[in-house]
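In what follows, a single structure is set out as structure tokens and then discussed.
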There are 2 protein chains.
Amino acid sequence: MAVTLADVAARAGVSPATVSRVLSGSYPVTEGTRGRVLRAVAELEYVVDGPASALAGAGSDLVGILVNDLADPFFGVLAAAVQGELGGGAGPGGEKLAVVCSTGGSPQRELDHLTHLQRQRAAAVVLTGGAPEDPGHARALAAKVARLTEAGTRVVLCGRPPQDPEAAAAAGRGRAAAPPVTLAFDNRGGARRLTAHLLALGHRRIGCVAGPAGRTTTAERLAGHRDALAAHGIADVPARTVPGAYDRASGYDAALELLRREPRLTAVVAANDTAALGVCAALRDRGLRIPEDVSVAGFDDLPFSVDAAPALTTVRLPLREAGARAGRLALGRAVAPPGGVATLPAELLVRESTGPVRSEAAAAGGGGGAVSGGIGSGRSGG
Amino acid sequence: MAVTLADVAARAGVSPATVSRVLSGSYPVTEGTRGRVLRAVAELEYVVDGPASALAGAGSDLVGILVNDLADPFFGVLAAAVQGELGGGAGPGGEKLAVVCSTGGSPQRELDHLTHLQRQRAAAVVLTGGAPEDPGHARALAAKVARLTEAGTRVVLCGRPPQDPEAAAAAGRGRAAAPPVTLAFDNRGGARRLTAHLLALGHRRIGCVAGPAGRTTTAERLAGHRDALAAHGIADVPARTVPGAYDRASGYDAALELLRREPRLTAVVAANDTAALGVCAALRDRGLRIPEDVSVAGFDDLPFSVDAAPALTTVRLPLREAGARAGRLALGRAVAPPGGVATLPAELLVRESTGPVRSEAAAAGGGGGAVSGGIGSGRSGG
DNA sequence: CTGTTAGCGCCTTCAG
DNA sequence: CTGAAGGCGCTAACAG
């Protein structure tokens, strides 16, 4: 930081205040002065100092985007959409610098990042992805969000359920400029329709590779799955659900475990498309064909799922739209939905990885021999 | 920002300076005082003000990561790896806040983001992905990088060639604390081995879906492709290369265009795995089997490529490793390679999407009928 | 070990 | 329309 406002002022033969006015464009300045100032700025390659500027009262231009995992396309697409809206930054409000922070799914890191953002006086924060279900964390988060909104930071929840109103109320102590806005996904409805689709195809022994335990998204999708089962008068068999994560390896292991527990499985719903890919790989390795022997379904409709082998039946979540809207909300360029909460639809996409259940006779004759039990996966504890 | 350092000091009955010392932990403080201060901090939910702190001399804890597109797994994986290294932030150097900025491939936005980071006094900046080949931009970028390093910001180039030494020298005017470090990928070598693999399988009419024009990565991969062709004494047919982008749609369109120009194509190398997926889709839509009729190869070995149909032959780039190393370099926790440049290997991964060229006879008999010329794609201009 | 004193670089009143 | 002055909240010398 060698060259300062004062340097520019000296070179242009004006006062620092004038330079400031030219740069912020908030005040009328004579064309001539303006030109000289701008030239001095260019010649000196002057760049406004962020901290000093922020300290002196100009708001920061940081917008925080919290994601669980940057390498996960779900968050990549979401974050890209948010950032796309903050945009080229040509806007008069000035360009915002998007700060994408990865929490790795850790509640503590979520809080830490939020503190960081608070420290930096972020203009807005977008929290993406499901939330941990721990009440303690929910309370801490509500408190942190309250501090943020009180300080004028706009908060948008994208892809998670709204905050508990009571927790939020308890956490609030000052006057929030703008209460947090929520853009939720209809995970439950989507999961229900997906399982209903499988049931309609005749499947009765459906395995479920759930998402990480203790997260709202996992709970919602599981609830939808059970809704569908219940609606068809089918008892939910707990052993047919194994926990996992949103990655391929997890889907692979979980599928093997499911097969061990119930070799006659005819369908598997995975936590998301990435896990579904792992499920497919495991099934294939065991000599099972998809969907002839076993149907597989994903969730999210991530970009690659249409090109998988076979193309994945899944539930499309409007990630792009959600991110873009969250971005607009963060910028204050969109009005909050009534009640501060909007639920975005989840659409069933039937492709090639699901099909009619095979008849029992065919099952007995088919590649079923490969599925003898007791493979001794070290993962039996679940 | 209601509660300040002074408030905490008052409540704890000490001076502001003491509070500052307790919080920064840089100076010895009595246990008792320390306890009272910490309690006051907790009770008031005090959070240090970033701008003020930075202005007063404490360095900023921002690390910028520039990527072309967050929704692209290539960058997602890279950015996640970098961020993973900045890490939980338990380290003594204190936690860094990673700022992931998406340039959308625009040189101007790249510069803009760097200015922003400069404004914020970023501790380090990691530039990922190929660079534009425009000399004007290279000069501007070199100048910007020089300003950054002069200000003490560490700069790491990850996945792009090193800066032109002359341009860098010309841009420098002050004393750079640490010159930029480069982690390059052996794109050319990888592409050469990939095409050589195809040639070894007997392919002679190889189509090439190139990456975006005017970018170093595109040029390097193309050069490698031509190296292999030349090494086998095969003339490069310009019409067999069509430009594209790193997305599925681009691969799809490009494959159709290639087929229009040369219906007897037996292999296609794509700009990357995502584009390869599009190529495969287009080929399938035209009734061609992979790899029996046409072999297809990708690049990068993105996470989904092993699960594609068929599993993609590709060139693995050590994205995870590169990102992690870039992160360590950014933190100053790794020593720069000799000469400031390290080239990371690109490994050929032969999977199922490439196979021996079909015999001419088989070609005549096979699904070739679908490939009649003159489909009139509007894209013939290239 | 702790309190006091100066700014960091800028923006924003106030005068002129 | 422009200059001068004050302070944003914190840290870094200095004293004590």
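In the structure tokens, each chain is lettered A, B, ... as it comes, each chain's residues begin at 1, and ligands are numbered from 1 in order of appearance.
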
task: Name all residues at most 6 Å from stretch 2-15 of chain D (count only C-alpha atoms (C1' of nucleotides); drop same-chain ones fewer than 6 positions away) and give them as a PyMOL selection string.
output: (chain A and resi 55-56) or (chain B and resi 52-53+56)

Can you pull out every residue within 10 Å of C:DC10, counting only C-alpha atoms (C1' of nucleotides), but drop anything in the same chain fewer than 5 positions away, and send it as a PyMOL selection string?
(chain A and resi 4-6+16-17+20+48-58) or (chain D and resi 8)

Once you have the residues from the selection above, write them out as a PDB file, in the first residue's frame, restricted to N, CA and C atoms (P, O5', C5', C4', C3', O3' and C1' of nucleotides).
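Produced file part.pdb, reproduced below:
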ATOM      1  N   THR A   4      -1.431   6.419  -1.737  1.00  0.00           N
ATOM      2  CA  THR A   4      -2.669   6.693  -1.010  1.00  0.00           C
ATOM      3  C   THR A   4      -3.471   7.812  -1.674  1.00  0.00           C
ATOM      4  N   LEU A   5      -4.614   8.021  -1.093  1.00  0.00           N
ATOM      5  CA  LEU A   5      -5.488   9.068  -1.592  1.00  0.00           C
ATOM      6  C   LEU A   5      -4.756  10.407  -1.605  1.00  0.00           C
ATOM      7  N   ALA A   6      -3.992  10.632  -0.583  1.00  0.00           N
ATOM      8  CA  ALA A   6      -3.274  11.901  -0.466  1.00  0.00           C
ATOM      9  C   ALA A   6      -2.294  12.062  -1.628  1.00  0.00           C
ATOM     10  N   PRO A  16      -7.695  15.839  -0.755  1.00  0.00           N
ATOM     11  CA  PRO A  16      -8.083  14.431  -0.642  1.00  0.00           C
ATOM     12  C   PRO A  16      -9.596  14.263  -0.729  1.00  0.00           C
ATOM     13  N   ALA A  17     -10.298  15.169  -0.139  1.00  0.00           N
ATOM     14  CA  ALA A  17     -11.758  15.063  -0.140  1.00  0.00           C
ATOM     15  C   ALA A  17     -12.298  15.025  -1.565  1.00  0.00           C
ATOM     16  N   SER A  20     -11.767  11.712  -3.170  1.00  0.00           N
ATOM     17  CA  SER A  20     -12.735  10.768  -2.633  1.00  0.00           C
ATOM     18  C   SER A  20     -14.082  10.945  -3.329  1.00  0.00           C
ATOM     19  N   VAL A  48      -8.224   2.049  -4.165  1.00  0.00           N
ATOM     20  CA  VAL A  48      -8.781   2.394  -2.858  1.00  0.00           C
ATOM     21  C   VAL A  48      -8.451   1.310  -1.849  1.00  0.00           C
ATOM     22  N   ASP A  49      -8.150   1.695  -0.660  1.00  0.00           N
ATOM     23  CA  ASP A  49      -7.870   0.725   0.389  1.00  0.00           C
ATOM     24  C   ASP A  49      -9.171   0.276   1.037  1.00  0.00           C
ATOM     25  N   GLY A  50      -9.451  -0.993   0.921  1.00  0.00           N
ATOM     26  CA  GLY A  50     -10.699  -1.544   1.445  1.00  0.00           C
ATOM     27  C   GLY A  50     -10.920  -1.315   2.920  1.00  0.00           C
ATOM     28  N   PRO A  51     -10.011  -1.778   3.745  1.00  0.00           N
ATOM     29  CA  PRO A  51     -10.187  -1.617   5.185  1.00  0.00           C
ATOM     30  C   PRO A  51     -10.424  -0.162   5.589  1.00  0.00           C
ATOM     31  N   ALA A  52      -9.596   0.730   5.080  1.00  0.00           N
ATOM     32  CA  ALA A  52      -9.741   2.131   5.449  1.00  0.00           C
ATOM     33  C   ALA A  52     -11.099   2.648   5.003  1.00  0.00           C
ATOM     34  N   SER A  53     -11.456   2.288   3.812  1.00  0.00           N
ATOM     35  CA  SER A  53     -12.723   2.738   3.269  1.00  0.00           C
ATOM     36  C   SER A  53     -13.889   2.209   4.094  1.00  0.00           C
ATOM     37  N   ALA A  54     -13.809   0.945   4.429  1.00  0.00           N
ATOM     38  CA  ALA A  54     -14.882   0.337   5.212  1.00  0.00           C
ATOM     39  C   ALA A  54     -14.940   0.963   6.597  1.00  0.00           C
ATOM     40  N   LEU A  55     -13.773   1.164   7.159  1.00  0.00           N
ATOM     41  CA  LEU A  55     -13.723   1.732   8.501  1.00  0.00           C
ATOM     42  C   LEU A  55     -14.319   3.129   8.529  1.00  0.00           C
ATOM     43  N   ALA A  56     -14.067   3.858   7.485  1.00  0.00           N
ATOM     44  CA  ALA A  56     -14.540   5.233   7.447  1.00  0.00           C
ATOM     45  C   ALA A  56     -16.035   5.328   7.197  1.00  0.00           C
ATOM     46  N   GLY A  57     -16.647   4.240   6.984  1.00  0.00           N
ATOM     47  CA  GLY A  57     -18.094   4.308   6.845  1.00  0.00           C
ATOM     48  C   GLY A  57     -18.701   3.732   5.599  1.00  0.00           C
ATOM     49  N   ALA A  58     -17.901   3.603   4.567  1.00  0.00           N
ATOM     50  CA  ALA A  58     -18.449   3.008   3.361  1.00  0.00           C
ATOM     51  C   ALA A  58     -18.663   1.529   3.645  1.00  0.00           C
TER      52      ALA A  58
ATOM     53  P    DC D   8     -15.239   7.798  16.640  1.00  0.00           P
ATOM     54  O5'  DC D   8     -15.513   6.523  15.707  1.00  0.00           O
ATOM     55  C5'  DC D   8     -16.571   6.530  14.739  1.00  0.00           C
ATOM     56  C4'  DC D   8     -16.232   5.513  13.662  1.00  0.00           C
ATOM     57  C3'  DC D   8     -15.565   4.274  14.237  1.00  0.00           C
ATOM     58  O3'  DC D   8     -16.524   3.214  14.288  1.00  0.00           O
ATOM     59  C1'  DC D   8     -14.339   5.155  12.315  1.00  0.00           C
TER      60       DC D   8
END

Quiz item: Per DSSP on the backbone, what are the strand (DSSP E or B) residues of stretch 132-353 of chain A, as a PyMOL selection string?
Solution: chain A and resi 132+154-158+181-185+206-209+215+241-242+267-269+295-297+300+308+313-316+341-344+347-349

Residues of chain C within 8 Å of chain A, counting only C-alpha atoms (C1' of nucleotides) - could you list those as a list in words? DC8, DG9, DC10 and DC11 of chain C

From the list B:Glu321, B:Glu292, B:Glu45, B:Glu220, the nearest residue to chain A using only C-alpha atoms is B:Glu45

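Nearest-residue note for chain A: choosing from B:Ala311, B:Ala254, B:Ala169, B:Ala271, the minimum distance belongs to B:Ala311, counting only C-alpha atoms.
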
Applying 10 Å and only C-alpha atoms (C1' of nucleotides), which residues near A:Thr274 remain after dropping the ones on its own chain fewer than 6 positions away? List them as a PDB file with C-alpha atoms, in the first residue's frame.
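The result, stored in result_8.pdb:
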ATOM      1  CA  ASP A  72     -19.741 -31.212  -4.898  1.00  0.00           C
ATOM      2  CA  PRO A  73     -21.558 -30.129  -8.071  1.00  0.00           C
ATOM      3  CA  PHE A  74     -24.675 -29.433  -6.045  1.00  0.00           C
ATOM      4  CA  ALA A 245     -22.795 -39.378   2.391  1.00  0.00           C
ATOM      5  CA  TYR A 246     -23.089 -37.549  -0.873  1.00  0.00           C
ATOM      6  CA  ASP A 247     -20.207 -39.240  -2.576  1.00  0.00           C
ATOM      7  CA  ARG A 248     -19.645 -42.161  -4.874  1.00  0.00           C
ATOM      8  CA  ALA A 249     -17.704 -44.331  -2.449  1.00  0.00           C
ATOM      9  CA  SER A 250     -20.427 -44.000   0.089  1.00  0.00           C
ATOM     10  CA  GLY A 251     -23.037 -45.093  -2.426  1.00  0.00           C
ATOM     11  CA  GLY A 298     -30.772 -40.484  -7.646  1.00  0.00           C
ATOM     12  CA  PHE A 299     -31.670 -37.017  -6.459  1.00  0.00           C
ATOM     13  CA  ASP A 300     -30.820 -33.423  -7.491  1.00  0.00           C
ATOM     14  CA  ASP A 301     -30.396 -33.960 -11.229  1.00  0.00           C
ATOM     15  CA  LEU A 302     -26.767 -32.959 -11.212  1.00  0.00           C
ATOM     16  CA  PHE A 304     -23.746 -35.518 -15.279  1.00  0.00           C
ATOM     17  CA  SER A 305     -26.749 -37.663 -14.364  1.00  0.00           C
TER      18      SER A 305
ATOM     19  CA  PRO B 303     -14.964 -37.495 -10.785  1.00  0.00           C
ATOM     20  CA  PHE B 304     -17.874 -38.665 -12.900  1.00  0.00           C
ATOM     21  CA  ASP B 307     -19.096 -43.803 -14.245  1.00  0.00           C
TER      22      ASP B 307
END

Hey, could you make a per-residue contact list for chain A against chain B with 8 Å as the cut-off, showing the nearest pair of atoms and its distance in Å to one decimal, counting only C-alpha atoms, sorted by chain and number, as JSON lines?
{"residue": "A:Met1", "atom": "CA", "partner": "B:Ala151", "partner_atom": "CA", "distance": 5.9}
{"residue": "A:Ala2", "atom": "CA", "partner": "B:Ala151", "partner_atom": "CA", "distance": 8.0}
{"residue": "A:Val47", "atom": "CA", "partner": "B:Arg119", "partner_atom": "CA", "distance": 6.3}
{"residue": "A:Val48", "atom": "CA", "partner": "B:Arg119", "partner_atom": "CA", "distance": 5.9}
{"residue": "A:Asp49", "atom": "CA", "partner": "B:Arg119", "partner_atom": "CA", "distance": 4.9}
{"residue": "A:Gly50", "atom": "CA", "partner": "B:Arg119", "partner_atom": "CA", "distance": 4.9}
{"residue": "A:Pro51", "atom": "CA", "partner": "B:Pro51", "partner_atom": "CA", "distance": 4.0}
{"residue": "A:Ala52", "atom": "CA", "partner": "B:Leu55", "partner_atom": "CA", "distance": 5.7}
{"residue": "A:Ala54", "atom": "CA", "partner": "B:Pro51", "partner_atom": "CA", "distance": 6.0}
{"residue": "A:Leu55", "atom": "CA", "partner": "B:Pro51", "partner_atom": "CA", "distance": 5.6}
{"residue": "A:Asp69", "atom": "CA", "partner": "B:Ala80", "partner_atom": "CA", "distance": 7.0}
{"residue": "A:Leu70", "atom": "CA", "partner": "B:Ala80", "partner_atom": "CA", "distance": 5.2}
{"residue": "A:Ala71", "atom": "CA", "partner": "B:Gly76", "partner_atom": "CA", "distance": 4.4}
{"residue": "A:Asp72", "atom": "CA", "partner": "B:Gly76", "partner_atom": "CA", "distance": 7.2}
{"residue": "A:Pro73", "atom": "CA", "partner": "B:Ala71", "partner_atom": "CA", "distance": 6.4}
{"residue": "A:Phe75", "atom": "CA", "partner": "B:Ala71", "partner_atom": "CA", "distance": 8.0}
{"residue": "A:Gly76", "atom": "CA", "partner": "B:Ala71", "partner_atom": "CA", "distance": 4.4}
{"residue": "A:Val77", "atom": "CA", "partner": "B:Ala71", "partner_atom": "CA", "distance": 4.5}
{"residue": "A:Leu78", "atom": "CA", "partner": "B:Ala71", "partner_atom": "CA", "distance": 7.7}
{"residue": "A:Ala79", "atom": "CA", "partner": "B:Leu70", "partner_atom": "CA", "distance": 6.9}
{"residue": "A:Ala80", "atom": "CA", "partner": "B:Leu70", "partner_atom": "CA", "distance": 5.2}
{"residue": "A:Gln83", "atom": "CA", "partner": "B:Ser102", "partner_atom": "CA", "distance": 7.4}
{"residue": "A:Gly88", "atom": "CA", "partner": "B:Arg109", "partner_atom": "CA", "distance": 7.2}
{"residue": "A:Leu97", "atom": "CA", "partner": "B:Cys101", "partner_atom": "CA", "distance": 7.4}
{"residue": "A:Ala98", "atom": "CA", "partner": "B:Cys101", "partner_atom": "CA", "distance": 6.3}
{"residue": "A:Val99", "atom": "CA", "partner": "B:Val99", "partner_atom": "CA", "distance": 4.4}
{"residue": "A:Val100", "atom": "CA", "partner": "B:Val100", "partner_atom": "CA", "distance": 5.1}
{"residue": "A:Cys101", "atom": "CA", "partner": "B:Ala98", "partner_atom": "CA", "distance": 6.3}
{"residue": "A:Ser102", "atom": "CA", "partner": "B:Gln83", "partner_atom": "CA", "distance": 7.4}
{"residue": "A:Arg109", "atom": "CA", "partner": "B:Gly88", "partner_atom": "CA", "distance": 7.3}
{"residue": "A:His113", "atom": "CA", "partner": "B:Leu97", "partner_atom": "CA", "distance": 7.6}
{"residue": "A:Thr115", "atom": "CA", "partner": "B:Val47", "partner_atom": "CA", "distance": 7.3}
{"residue": "A:His116", "atom": "CA", "partner": "B:Leu97", "partner_atom": "CA", "distance": 7.5}
{"residue": "A:Gln118", "atom": "CA", "partner": "B:Val47", "partner_atom": "CA", "distance": 7.7}
{"residue": "A:Arg119", "atom": "CA", "partner": "B:Gly50", "partner_atom": "CA", "distance": 4.9}
{"residue": "A:Gln120", "atom": "CA", "partner": "B:Gly50", "partner_atom": "CA", "distance": 4.9}
{"residue": "A:Arg121", "atom": "CA", "partner": "B:Gly50", "partner_atom": "CA", "distance": 7.6}
{"residue": "A:Ala151", "atom": "CA", "partner": "B:Met1", "partner_atom": "CA", "distance": 5.9}
{"residue": "A:Leu277", "atom": "CA", "partner": "B:Asp307", "partner_atom": "CA", "distance": 6.5}
{"residue": "A:Ala281", "atom": "CA", "partner": "B:Asp307", "partner_atom": "CA", "distance": 7.3}
{"residue": "A:Phe304", "atom": "CA", "partner": "B:Phe304", "partner_atom": "CA", "distance": 7.1}
{"residue": "A:Asp307", "atom": "CA", "partner": "B:Ala308", "partner_atom": "CA", "distance": 6.4}
{"residue": "A:Ala308", "atom": "CA", "partner": "B:Ala308", "partner_atom": "CA", "distance": 4.9}
{"residue": "A:Ala309", "atom": "CA", "partner": "B:Ala309", "partner_atom": "CA", "distance": 4.7}
{"residue": "A:Pro310", "atom": "CA", "partner": "B:Ala309", "partner_atom": "CA", "distance": 7.3}

(message) List as a PyMOL selection string the protein and nucleic acid residues near stretch 226-235 of chain B, meaning an atom at most 9 Å away when only C-alpha atoms (C1' of nucleotides) are counted, but skip any in the same chain fewer than 4 places from it.
(response) chain B and resi 188-189+191-196+199+204+221-222

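With only C-alpha atoms (C1' of nucleotides) as the atoms that count, the residue of A:His203, A:Arg316, A:Arg34, A:His137 with the shortest distance to chain D is A:Arg34.
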
Just list the residues in stretch 78-323 of chain B DSSP gives helix (DSSP H, G or I) on the backbone, as a ChimeraX atom specification. /B:78-86,107-119,135-150,165-171,187-200,216-231,238-240,248-261,273-285,303-307,319-323

What separates atom CA of A:Leu86 and atom CA of B:Gly323 is a distance of 25.6 Å
